[in-house]
>>> print(open('model.cif').read())   # mmCIF, C-alpha atoms
data_coords
#
loop_
_atom_site.label_atom_id
_atom_site.label_comp_id
_atom_site.auth_asym_id
_atom_site.auth_seq_id
_atom_site.Cartn_x
_atom_site.Cartn_y
_atom_site.Cartn_z
CA MET A 42 -90.44 14.85 -15.66
CA PRO A 43 -92.38 12.04 -17.32
CA SER A 44 -90.24 9.41 -19.08
CA PRO A 45 -90.63 9.25 -22.84
CA PRO A 46 -92.39 6.02 -23.82
CA LYS A 47 -89.38 4.55 -25.65
CA VAL A 48 -85.87 5.32 -24.45
CA PRO A 49 -83.07 3.71 -26.48
CA ILE A 50 -81.26 1.00 -24.50
CA PRO A 51 -77.82 2.59 -25.13
CA THR A 52 -79.10 5.80 -23.51
CA LEU A 53 -80.21 3.82 -20.46
CA GLU A 54 -76.82 2.12 -20.31
CA ARG A 55 -75.08 5.48 -20.40
CA LEU A 56 -77.41 6.85 -17.69
CA ALA A 57 -76.06 4.07 -15.48
CA THR A 58 -72.52 5.15 -16.35
CA TYR A 59 -73.35 8.78 -15.46
CA MET A 60 -74.92 7.53 -12.24
CA ARG A 61 -71.70 5.72 -11.29
CA MET A 62 -69.73 8.90 -11.96
CA LEU A 63 -72.17 11.01 -9.92
CA VAL A 64 -72.01 8.60 -6.97
CA GLU A 65 -68.22 9.02 -7.03
CA LEU A 66 -68.38 12.79 -7.45
CA SER A 67 -70.79 13.30 -4.58
CA SER A 68 -68.65 11.14 -2.29
CA ASN A 69 -65.76 13.46 -3.27
CA GLY A 70 -67.87 16.52 -2.46
CA SER A 71 -68.01 17.90 -6.03
CA ALA A 72 -70.93 20.28 -6.53
CA THR A 73 -71.00 20.71 -10.31
CA ILE A 74 -69.66 19.01 -13.42
CA SER A 75 -69.33 20.16 -17.01
CA SER A 76 -70.06 17.92 -19.99
CA ALA A 77 -66.35 18.17 -20.92
CA GLU A 78 -65.45 16.76 -17.50
CA VAL A 79 -68.03 14.00 -17.98
CA GLU A 80 -66.21 13.01 -21.17
CA VAL A 81 -62.91 12.72 -19.30
CA CYS A 82 -64.51 10.73 -16.43
CA THR A 83 -66.61 8.32 -18.48
CA GLY A 84 -65.27 8.31 -22.04
CA VAL A 85 -68.73 9.33 -23.33
CA ASP A 86 -68.62 12.28 -25.75
CA ALA A 87 -69.72 15.57 -24.17
CA SER A 88 -72.27 16.03 -26.95
CA GLN A 89 -73.69 12.54 -26.40
CA PHE A 90 -74.02 13.26 -22.68
CA ARG A 91 -75.93 16.48 -23.33
CA LYS A 92 -78.15 14.68 -25.84
CA ASP A 93 -78.92 11.83 -23.44
CA LEU A 94 -79.93 14.24 -20.69
CA SER A 95 -81.96 16.53 -22.95
CA TYR A 96 -84.03 13.42 -23.73
CA PHE A 97 -85.37 13.74 -20.19
CA GLY A 98 -85.58 17.53 -20.17
CA MET A 99 -82.35 17.97 -18.20
CA PHE A 100 -80.01 20.79 -19.20
CA GLY A 101 -76.81 22.24 -17.74
CA LYS A 102 -76.25 25.93 -16.95
CA PRO A 103 -73.98 27.73 -19.44
CA GLY A 104 -70.56 28.32 -17.87
CA VAL A 105 -71.46 26.29 -14.77
CA GLY A 106 -72.45 22.83 -15.95
CA TYR A 107 -74.65 20.41 -14.12
CA ASP A 108 -75.48 20.27 -10.44
CA VAL A 109 -74.17 16.92 -9.20
CA ALA A 110 -76.74 16.31 -6.46
CA SER A 111 -79.70 17.32 -8.59
CA LEU A 112 -78.54 15.26 -11.57
CA GLN A 113 -77.96 12.22 -9.37
CA ARG A 114 -81.44 12.56 -7.88
CA LYS A 115 -83.05 12.86 -11.31
CA ILE A 116 -81.21 9.97 -12.91
CA ALA A 117 -81.91 7.80 -9.86
CA ARG A 118 -85.61 8.56 -10.31
CA ILE A 119 -85.50 7.70 -14.03
CA LEU A 120 -83.70 4.41 -13.33
CA ARG A 121 -86.04 3.76 -10.40
CA ILE A 122 -83.24 3.48 -7.91
CA ASP A 123 -84.26 6.54 -5.89
CA SER A 124 -85.43 4.03 -3.32
CA PRO A 125 -83.97 0.54 -2.76
CA GLN A 126 -84.70 -1.82 -5.64
CA PRO A 127 -84.87 -5.39 -4.33
CA VAL A 128 -83.24 -8.08 -6.45
CA VAL A 129 -83.38 -11.87 -6.25
CA LEU A 130 -80.45 -13.98 -7.46
CA ILE A 131 -80.90 -17.54 -8.67
CA GLY A 132 -77.75 -19.64 -8.78
CA ALA A 133 -75.09 -19.66 -6.06
CA GLY A 134 -72.14 -20.63 -8.26
CA ASN A 135 -69.03 -18.63 -9.17
CA LEU A 136 -70.98 -16.07 -11.17
CA GLY A 137 -73.57 -15.72 -8.41
CA ALA A 138 -70.79 -15.12 -5.92
CA ALA A 139 -69.24 -12.50 -8.21
CA LEU A 140 -72.60 -10.72 -8.49
CA VAL A 141 -73.31 -10.69 -4.76
CA GLY A 142 -69.83 -9.30 -4.17
CA TYR A 143 -69.98 -6.84 -7.06
CA PRO A 144 -68.88 -3.39 -5.88
CA GLY A 145 -71.34 -0.52 -6.00
CA MET A 146 -74.58 -2.50 -5.71
CA ALA A 147 -75.58 -0.83 -2.43
CA GLU A 148 -74.49 2.67 -3.55
CA HIS A 149 -76.79 2.22 -6.56
CA ASN A 150 -79.68 1.06 -4.37
CA PHE A 151 -79.70 -2.47 -5.79
CA GLU A 152 -80.26 -4.87 -2.91
CA ILE A 153 -79.73 -8.56 -3.55
CA ARG A 154 -82.23 -9.60 -0.93
CA ALA A 155 -82.18 -13.36 -1.45
CA VAL A 156 -80.08 -16.03 -3.18
CA PHE A 157 -81.62 -19.31 -4.30
CA ASP A 158 -80.20 -22.60 -5.53
CA ASN A 159 -81.54 -26.10 -6.09
CA ASN A 160 -78.36 -27.80 -4.87
CA PHE A 161 -78.91 -29.26 -1.41
CA ALA A 162 -75.17 -29.05 -0.75
CA LYS A 163 -75.43 -25.26 -1.05
CA ILE A 164 -78.83 -24.55 0.54
CA GLY A 165 -78.42 -23.24 4.09
CA ARG A 166 -74.81 -22.18 3.51
CA LYS A 167 -73.84 -18.56 2.96
CA LEU A 168 -72.82 -16.69 -0.16
CA TRP A 169 -70.90 -13.81 1.39
CA ASP A 170 -73.40 -12.66 4.04
CA THR A 171 -76.54 -13.98 2.37
CA GLU A 172 -78.01 -17.36 3.20
CA ILE A 173 -78.62 -19.60 0.19
CA LEU A 174 -82.30 -20.55 0.11
CA ASP A 175 -84.16 -23.46 -1.44
CA ILE A 176 -85.50 -22.57 -4.91
CA ASN A 177 -88.74 -24.27 -3.88
CA ASP A 178 -89.34 -21.40 -1.46
CA LEU A 179 -89.09 -18.75 -4.19
CA GLU A 180 -92.80 -17.82 -4.17
CA SER A 181 -93.16 -17.59 -0.41
CA VAL A 182 -89.93 -15.65 0.07
CA ASN A 183 -90.70 -13.20 -2.70
CA ARG A 184 -94.12 -12.57 -1.22
CA GLU A 185 -92.13 -10.92 1.59
CA ILE A 186 -89.46 -9.26 -0.57
CA GLY A 187 -91.61 -8.10 -3.47
CA ALA A 188 -88.70 -8.14 -5.93
CA ARG A 189 -89.48 -7.54 -9.58
CA ILE A 190 -85.87 -8.10 -10.72
CA ALA A 191 -84.43 -11.63 -10.96
CA ILE A 192 -80.85 -12.38 -11.91
CA LEU A 193 -80.41 -15.83 -13.47
CA ALA A 194 -76.92 -17.24 -12.95
CA VAL A 195 -77.93 -20.80 -13.76
CA PRO A 196 -76.94 -23.31 -16.48
CA SER A 197 -78.56 -22.90 -19.91
CA SER A 198 -80.48 -26.14 -19.46
CA ALA A 199 -82.29 -24.71 -16.42
CA ALA A 200 -82.74 -21.10 -17.56
CA GLN A 201 -86.19 -21.35 -19.17
CA GLU A 202 -87.73 -23.27 -16.28
CA VAL A 203 -86.17 -21.00 -13.66
CA ALA A 204 -87.34 -17.89 -15.53
CA GLU A 205 -90.91 -19.22 -15.55
CA HIS A 206 -90.62 -19.96 -11.84
CA CYS A 207 -89.50 -16.36 -11.23
CA VAL A 208 -92.53 -15.07 -13.12
CA ARG A 209 -94.84 -17.23 -11.01
CA ALA A 210 -93.15 -15.72 -7.96
CA GLY A 211 -94.03 -12.21 -9.15
CA MET A 212 -90.89 -11.09 -10.96
CA ASP A 213 -91.18 -9.50 -14.41
CA LEU A 214 -87.67 -8.16 -15.09
CA ILE A 215 -85.12 -10.86 -15.79
CA LEU A 216 -81.37 -10.53 -16.26
CA ASN A 217 -80.26 -13.77 -17.89
CA PHE A 218 -76.59 -14.79 -17.81
CA ALA A 219 -77.18 -18.23 -19.32
CA PRO A 220 -76.12 -18.37 -22.97
CA THR A 221 -79.55 -19.35 -24.23
CA HIS A 222 -82.68 -17.59 -25.46
CA ILE A 223 -85.52 -17.53 -22.95
CA LYS A 224 -89.04 -17.35 -24.38
CA MET A 225 -91.37 -15.19 -22.32
CA ALA A 226 -94.68 -13.40 -22.68
CA ALA A 227 -94.55 -9.80 -23.89
CA ASN A 228 -95.18 -8.41 -20.39
CA ILE A 229 -91.88 -9.89 -19.14
CA PHE A 230 -88.70 -7.95 -19.87
CA VAL A 231 -85.70 -10.23 -20.41
CA ARG A 232 -82.17 -8.93 -20.86
CA ASP A 233 -79.49 -11.39 -21.92
CA VAL A 234 -75.85 -10.96 -20.98
CA SER A 235 -73.64 -13.27 -23.02
CA PHE A 236 -69.93 -13.34 -22.38
CA LEU A 237 -69.51 -14.96 -25.80
CA GLN A 238 -71.19 -11.94 -27.36
CA GLU A 239 -68.86 -9.59 -25.52
CA LEU A 240 -65.83 -11.57 -26.68
CA ALA A 241 -67.11 -11.71 -30.26
CA VAL A 242 -67.40 -7.92 -30.40
CA LEU A 243 -63.76 -7.71 -29.32
CA SER A 244 -62.61 -10.45 -31.61
CA PHE A 245 -64.20 -8.77 -34.63
CA HIS A 246 -61.80 -5.91 -34.04
CA ALA A 247 -58.77 -8.22 -34.27
CA GLY A 248 -58.50 -7.19 -37.89
CA PRO A 249 -55.49 -5.86 -39.74
CA SER A 250 -56.43 -2.27 -38.91
CA ASP A 251 -54.90 -1.06 -35.65
CA ASP A 252 -57.03 2.03 -35.24
CA HIS A 253 -60.05 1.27 -33.07
CA SER A 254 -60.98 4.88 -32.44
CA MET B 83 -66.44 -10.70 -48.53
CA PRO B 84 -64.61 -7.66 -47.10
CA SER B 85 -66.02 -6.29 -43.86
CA PRO B 86 -67.53 -2.83 -44.05
CA PRO B 87 -65.35 -0.33 -42.20
CA LYS B 88 -67.93 0.43 -39.50
CA VAL B 89 -70.27 -2.30 -38.33
CA PRO B 90 -72.72 -1.26 -35.59
CA ILE B 91 -71.95 -2.95 -32.27
CA PRO B 92 -75.54 -4.30 -31.92
CA THR B 93 -75.09 -6.07 -35.26
CA LEU B 94 -71.87 -7.68 -34.00
CA GLU B 95 -73.66 -8.73 -30.81
CA ARG B 96 -76.41 -10.34 -32.84
CA LEU B 97 -73.86 -12.10 -35.08
CA ALA B 98 -72.60 -13.79 -31.91
CA THR B 99 -76.16 -14.80 -31.09
CA TYR B 100 -76.61 -16.28 -34.59
CA MET B 101 -73.27 -18.04 -34.19
CA ARG B 102 -74.46 -19.68 -30.96
CA MET B 103 -77.63 -20.83 -32.72
CA LEU B 104 -75.64 -22.18 -35.68
CA VAL B 105 -73.27 -24.10 -33.40
CA GLU B 106 -76.35 -25.74 -31.85
CA LEU B 107 -78.02 -26.39 -35.20
CA SER B 108 -74.96 -28.02 -36.75
CA SER B 109 -74.52 -30.25 -33.71
CA ASN B 110 -78.17 -31.29 -34.27
CA GLY B 111 -77.45 -31.98 -37.94
CA SER B 112 -79.72 -29.24 -39.35
CA ALA B 113 -78.76 -28.26 -42.92
CA THR B 114 -80.81 -25.10 -43.47
CA ILE B 115 -82.67 -22.50 -41.46
CA SER B 116 -85.19 -19.83 -42.44
CA SER B 117 -85.21 -16.34 -40.99
CA ALA B 118 -88.58 -17.15 -39.38
CA GLU B 119 -86.95 -20.07 -37.56
CA VAL B 120 -84.09 -17.80 -36.50
CA GLU B 121 -86.65 -15.52 -34.88
CA VAL B 122 -88.08 -18.43 -32.88
CA CYS B 123 -84.59 -19.66 -31.84
CA THR B 124 -83.03 -16.34 -30.92
CA GLY B 125 -85.83 -13.83 -30.39
CA VAL B 126 -84.30 -11.57 -33.06
CA ASP B 127 -86.83 -10.35 -35.65
CA ALA B 128 -86.59 -12.20 -38.97
CA SER B 129 -86.25 -8.86 -40.78
CA GLN B 130 -83.45 -7.74 -38.45
CA PHE B 131 -81.62 -11.03 -39.08
CA ARG B 132 -81.84 -10.58 -42.87
CA LYS B 133 -80.70 -6.97 -42.54
CA ASP B 134 -77.71 -7.92 -40.36
CA LEU B 135 -76.55 -10.55 -42.86
CA SER B 136 -77.12 -8.39 -45.93
CA TYR B 137 -74.65 -5.96 -44.33
CA PHE B 138 -71.99 -8.57 -45.14
CA GLY B 139 -73.44 -9.56 -48.50
CA MET B 140 -75.05 -12.75 -47.18
CA PHE B 141 -78.51 -13.66 -48.45
CA GLY B 142 -80.79 -16.67 -48.04
CA LYS B 143 -82.36 -18.63 -50.89
CA PRO B 144 -86.09 -17.93 -51.35
CA GLY B 145 -88.14 -20.88 -50.10
CA VAL B 146 -85.03 -22.60 -48.69
CA GLY B 147 -83.42 -20.20 -46.28
CA TYR B 148 -79.82 -20.18 -45.20
CA ASP B 149 -77.28 -22.99 -45.37
CA VAL B 150 -76.25 -23.65 -41.77
CA ALA B 151 -72.66 -24.77 -42.43
CA SER B 152 -71.92 -21.99 -44.90
CA LEU B 153 -73.43 -19.31 -42.66
CA GLN B 154 -71.50 -20.60 -39.65
CA ARG B 155 -68.26 -20.50 -41.65
CA LYS B 156 -68.88 -16.96 -42.87
CA ILE B 157 -69.89 -15.53 -39.49
CA ALA B 158 -66.91 -17.24 -37.86
CA ARG B 159 -64.66 -15.53 -40.41
CA ILE B 160 -66.26 -12.12 -39.76
CA LEU B 161 -65.89 -12.53 -35.99
CA ARG B 162 -62.35 -13.91 -36.50
CA ILE B 163 -63.13 -17.14 -34.72
CA ASP B 164 -62.61 -19.33 -37.80
CA SER B 165 -59.39 -20.36 -36.11
CA PRO B 166 -58.74 -20.44 -32.35
CA GLN B 167 -58.63 -16.98 -30.80
CA PRO B 168 -56.35 -17.01 -27.76
CA VAL B 169 -57.53 -15.08 -24.71
CA VAL B 170 -55.74 -14.11 -21.51
CA LEU B 171 -57.68 -13.69 -18.27
CA ILE B 172 -56.45 -11.43 -15.48
CA GLY B 173 -58.01 -12.06 -12.08
CA ALA B 174 -58.64 -15.48 -10.61
CA GLY B 175 -61.56 -14.56 -8.37
CA ASN B 176 -65.20 -15.64 -8.56
CA LEU B 177 -65.82 -13.84 -11.84
CA GLY B 178 -62.63 -15.23 -13.35
CA ALA B 179 -63.71 -18.73 -12.33
CA ALA B 180 -67.13 -18.15 -13.91
CA LEU B 181 -65.49 -17.02 -17.15
CA VAL B 182 -63.07 -19.94 -17.38
CA GLY B 183 -65.98 -22.31 -16.79
CA TYR B 184 -68.37 -20.46 -19.10
CA PRO B 185 -70.04 -22.91 -21.47
CA GLY B 186 -69.45 -22.61 -25.18
CA MET B 187 -66.04 -20.94 -25.13
CA ALA B 188 -64.32 -23.82 -26.93
CA GLU B 189 -67.17 -24.31 -29.43
CA HIS B 190 -66.77 -20.64 -30.33
CA ASN B 191 -63.00 -20.97 -30.70
CA PHE B 192 -62.23 -18.75 -27.72
CA GLU B 193 -59.35 -20.31 -25.83
CA ILE B 194 -58.52 -18.92 -22.40
CA ARG B 195 -54.88 -19.85 -22.65
CA ALA B 196 -53.60 -18.33 -19.41
CA VAL B 197 -54.93 -16.95 -16.14
CA PHE B 198 -52.96 -14.41 -14.12
CA ASP B 199 -53.27 -12.99 -10.64
CA ASN B 200 -51.08 -10.95 -8.31
CA ASN B 201 -52.15 -12.83 -5.19
CA PHE B 202 -49.39 -15.18 -4.05
CA ALA B 203 -51.97 -17.34 -2.32
CA LYS B 204 -53.51 -18.06 -5.73
CA ILE B 205 -50.44 -18.23 -8.00
CA GLY B 206 -49.51 -21.84 -8.77
CA ARG B 207 -52.97 -23.13 -7.89
CA LYS B 208 -55.49 -24.10 -10.53
CA LEU B 209 -58.63 -22.38 -11.77
CA TRP B 210 -60.50 -25.35 -13.21
CA ASP B 211 -57.75 -26.93 -15.36
CA THR B 212 -55.68 -23.81 -15.87
CA GLU B 213 -52.73 -22.93 -13.65
CA ILE B 214 -52.85 -19.43 -12.17
CA LEU B 215 -49.69 -17.57 -13.22
CA ASP B 216 -47.86 -14.62 -11.71
CA ILE B 217 -48.96 -11.31 -13.29
CA ASN B 218 -45.28 -10.37 -13.43
CA ASP B 219 -44.82 -13.04 -16.12
CA LEU B 220 -47.50 -11.54 -18.38
CA GLU B 221 -45.09 -10.26 -21.07
CA SER B 222 -43.00 -13.42 -21.29
CA VAL B 223 -46.01 -15.76 -21.31
CA ASN B 224 -47.87 -13.73 -23.92
CA ARG B 225 -44.79 -13.77 -26.13
CA GLU B 226 -45.58 -17.50 -26.43
CA ILE B 227 -49.37 -17.23 -26.60
CA GLY B 228 -49.69 -14.16 -28.79
CA ALA B 229 -53.12 -13.25 -27.40
CA ARG B 230 -54.63 -9.95 -28.47
CA ILE B 231 -57.68 -10.30 -26.20
CA ALA B 232 -57.42 -9.68 -22.45
CA ILE B 233 -60.29 -10.13 -20.02
CA LEU B 234 -59.97 -7.99 -16.91
CA ALA B 235 -61.74 -9.49 -13.90
CA VAL B 236 -59.92 -7.34 -11.37
CA PRO B 237 -60.97 -4.69 -8.83
CA SER B 238 -61.67 -1.18 -10.14
CA SER B 239 -58.64 0.18 -8.30
CA ALA B 240 -56.34 -2.11 -10.32
CA ALA B 241 -58.07 -1.97 -13.72
CA GLN B 242 -56.18 0.94 -15.32
CA GLU B 243 -52.75 -0.37 -14.30
CA VAL B 244 -53.55 -3.94 -15.36
CA ALA B 245 -54.91 -2.73 -18.71
CA GLU B 246 -51.67 -0.83 -19.38
CA HIS B 247 -49.72 -3.94 -18.43
CA CYS B 248 -51.74 -5.98 -20.94
CA VAL B 249 -50.97 -3.45 -23.67
CA ARG B 250 -47.24 -3.68 -22.89
CA ALA B 251 -47.61 -7.46 -23.21
CA GLY B 252 -49.01 -7.06 -26.73
CA MET B 253 -52.77 -7.14 -26.18
CA ASP B 254 -54.95 -4.49 -27.83
CA LEU B 255 -58.51 -5.76 -27.24
CA ILE B 256 -59.67 -5.44 -23.65
CA LEU B 257 -62.87 -6.69 -22.05
CA ASN B 258 -63.17 -4.82 -18.78
CA PHE B 259 -65.48 -6.13 -16.05
CA ALA B 260 -64.35 -3.61 -13.45
CA PRO B 261 -66.96 -0.86 -12.95
CA THR B 262 -64.59 1.95 -13.89
CA HIS B 263 -63.58 3.82 -17.02
CA ILE B 264 -60.20 2.80 -18.43
CA LYS B 265 -58.35 5.47 -20.42
CA MET B 266 -56.44 4.01 -23.36
CA ALA B 267 -54.85 5.21 -26.59
CA ALA B 268 -57.07 5.18 -29.68
CA ASN B 269 -55.42 2.03 -31.05
CA ILE B 270 -56.65 -0.01 -28.06
CA PHE B 271 -60.24 -1.26 -28.14
CA VAL B 272 -61.83 -1.39 -24.70
CA ARG B 273 -65.26 -2.85 -24.02
CA ASP B 274 -66.80 -2.36 -20.60
CA VAL B 275 -69.24 -4.80 -19.11
CA SER B 276 -70.99 -3.32 -16.10
CA PHE B 277 -73.44 -5.39 -14.11
CA LEU B 278 -74.80 -2.16 -12.65
CA GLN B 279 -75.57 -0.98 -16.16
CA GLU B 280 -77.40 -4.21 -16.93
CA LEU B 281 -79.43 -3.92 -13.74
CA ALA B 282 -80.20 -0.26 -14.42
CA VAL B 283 -81.65 -1.10 -17.84
CA LEU B 284 -83.95 -3.63 -16.15
CA SER B 285 -84.83 -1.35 -13.30
CA PHE B 286 -85.86 1.47 -15.67
CA HIS B 287 -88.57 -0.89 -16.90
CA ALA B 288 -89.98 -1.30 -13.39
CA GLY B 289 -92.47 1.40 -14.28
CA PRO B 290 -96.22 1.34 -13.95
CA SER B 291 -96.59 -0.02 -17.50
CA ASP B 292 -96.60 -3.80 -17.63
CA ASP B 293 -96.09 -4.14 -21.38
CA HIS B 294 -92.39 -4.50 -22.16
CA SER B 295 -92.86 -5.69 -25.72
#
>>> encode(input="model.cif", output="structure tokens")
Amino acid sequence: MPSPPKVPIPTLERLATYMRMLVELSSNGSATISSAEVEVCTGVDASQFRKDLSYFGMFGKPGVGYDVASLQRKIARILRIDSPQPVVLIGAGNLGAALVGYPGMAEHNFEIRAVFDNNFAKIGRKLWDTEILDINDLESVNREIGARIAILAVPSSAAQEVAEHCVRAGMDLILNFAPTHIKMAANIFVRDVSFLQELAVLSFHAGPSDDHS
Amino acid sequence: MPSPPKVPIPTLERLATYMRMLVELSSNGSATISSAEVEVCTGVDASQFRKDLSYFGMFGKPGVGYDVASLQRKIARILRIDSPQPVVLIGAGNLGAALVGYPGMAEHNFEIRAVFDNNFAKIGRKLWDTEILDINDLESVNREIGARIAILAVPSSAAQEVAEHCVRAGMDLILNFAPTHIKMAANIFVRDVSFLQELAVLSFHAGPSDDHS
């Protein structure tokens, strides 16, 4: 089941939504699910679900639907969370704390293996169960961990420098929560999450029309 | 400049990115910007930028580019942040604290006017400068505020009930940070932000290829 070279980002996002549903279903002992049930569980159209899966050569059985365990295994492989995916978090502030405590990380095989900060008042203390480490030790610690994913929960003013530091420490997949554009070489994948963007999408819909369907 | 009935969500997301750039540019005193400069500032292709704006009938002047102040005014109007947009936050935990303290909210005319929680240990205390109110007062407080946007930073188990409460209090635009699907009537616009989804998109790219361009 080789991945197509270019998968649309919205498809990947929905795969994560299906994954969350499948994790729940398998903990409930469900064996199969139909695309109609997927629509009820996730809000994604049944036809969109079938289309997303067919992209990867996955099809349900007529009258039966999809095998939960098999689908979960396949999607986990596509998203490369069929084995634990180590993650490094930079920034032990409120957002960092929210991320470390975010529910479902472990069930999805994301392991925040280390938390770094540059604030001496925080270094050595704990964020939940994880000790906050000195950002200056990023390279040496990640030599042990081997994380490719870095989450940046740092101020905008620090984001570019911290991202470059992460790259020097061997990470090439960066989730950036700072509301600023990070400039990276083409071999580094940066994904920006901007709360202002999310709010703007909502706000746009505050029009006179009251039908958002 | 009437808005087209259906604007793609990615276009709206990029409008917010342009808005952030324009806020910065006008604070630096820049009068004009070319689409090539936009690409450098935001990472969005110059052609994509021109396409996004042409959607709303906005065009640059050949050899000059775009007028910063005028563009900022127009995008603010499209995103309905040309006047303050009141926002209500539910959930005074770590994520709630990160959102209240998120930089740029005020510059973008998003005003988190009230924070609610159901935890008596938190009610009456402050989250940054904002007093944490009792969720039971949501209706009466929002009668004063008139917010249409609610941010849900609550556990998954509470999200559906809290969302319904927000609707009863007059809100119809919901930004949901809980990793669960909220079922709402068609006249309510719900936008889910899932950190697992964001991580999954990154993780997918942890393939053998090292060119993410």
>>> interface_residues(input="model.cif", of="chain A", to="chain B", cutoff="6 Å", atoms="all atoms listed in the file", output="list in words")
Leu53, Glu54, Ala57, Thr83, Leu120, Arg121, Asn135, Leu136, Ala139, Leu214, His222, Ala227, Asn228, Phe230, Gln238, Ala241, Val242, Leu243, Ser244, Phe245, Asp251, Asp252, His253 and Ser254 of chain A
>>> atom_distance(input="model.cif", atom1="atom CA of B:Leu153", atom2="atom CA of B:Leu107")
11.3 Å
>>> atom_distance(input="model.cif", atom1="atom CA of B:Ile115", atom2="atom CA of B:Leu135")
13.5 Å
>>> atom_distance(input="model.cif", atom1="atom CA of A:Ser76", atom2="atom CA of A:Arg91")
6.9 Å
>>> resolve_selection(input="model.cif", expression="the PyMOL selection byres ((chain B and resi 213-227) around 7)", output="ChimeraX atom specification")
/B:197-200,204-209,211-212,228-229,251
>>> axis_aligned_box(input="model.cif", around="stretch 225-232 of chain B", padding_each_side="3 Å", output="JSON")
{"center_x": -51.2, "center_y": -13.6, "center_z": -25.6, "size_x": 18.9, "size_y": 13.8, "size_z": 12.3}
>>> closest_residue(input="model.cif", among="B:Trp210, B:Phe259, B:Tyr137, B:Phe202", to="B:Ile157", atoms="only C-alpha atoms")
B:Tyr137
>>> closest_residue(input="model.cif", among="A:Gly70, A:Pro103, A:Gly132, A:Gly211", to="A:Val195", atoms="all atoms listed in the file")
A:Gly132
>>> decode(input="model.cif", residues="stretch 158-190 of chain A", atoms="C-alpha atoms", output="tab-separated table (two decimals), in the first residue's frame")
chain	number	residue	atom	x	y	z
A	158	ASP	CA	12.57	26.09	27.77
A	159	ASN	CA	15.16	28.85	28.04
A	160	ASN	CA	13.74	30.24	31.28
A	161	PHE	CA	15.96	29.29	34.20
A	162	ALA	CA	12.99	29.64	36.55
A	163	LYS	CA	11.31	26.76	34.68
A	164	ILE	CA	14.26	24.49	33.86
A	165	GLY	CA	14.41	21.53	36.25
A	166	ARG	CA	10.76	21.89	37.25
A	167	LYS	CA	8.07	19.59	35.91
A	168	LEU	CA	5.37	20.14	33.32
A	169	TRP	CA	2.89	17.45	34.36
A	170	ASP	CA	5.23	14.44	34.63
A	171	THR	CA	7.92	15.68	32.26
A	172	GLU	CA	11.00	17.52	33.46
A	173	ILE	CA	11.63	20.85	31.75
A	174	LEU	CA	15.08	20.76	30.16
A	175	ASP	CA	17.51	23.49	29.16
A	176	ILE	CA	17.11	24.45	25.49
A	177	ASN	CA	20.90	24.43	25.27
A	178	ASP	CA	20.78	20.65	25.67
A	179	LEU	CA	18.46	20.18	22.68
A	180	GLU	CA	21.08	18.56	20.40
A	181	SER	CA	22.44	16.15	22.98
A	182	VAL	CA	19.01	15.12	24.25
A	183	ASN	CA	17.61	14.59	20.77
A	184	ARG	CA	20.59	12.43	19.88
A	185	GLU	CA	19.04	10.00	22.40
A	186	ILE	CA	15.38	10.57	21.48
A	187	GLY	CA	15.69	10.81	17.71
A	188	ALA	CA	12.55	12.93	17.37
A	189	ARG	CA	11.77	14.36	13.95
A	190	ILE	CA	8.71	16.31	15.17
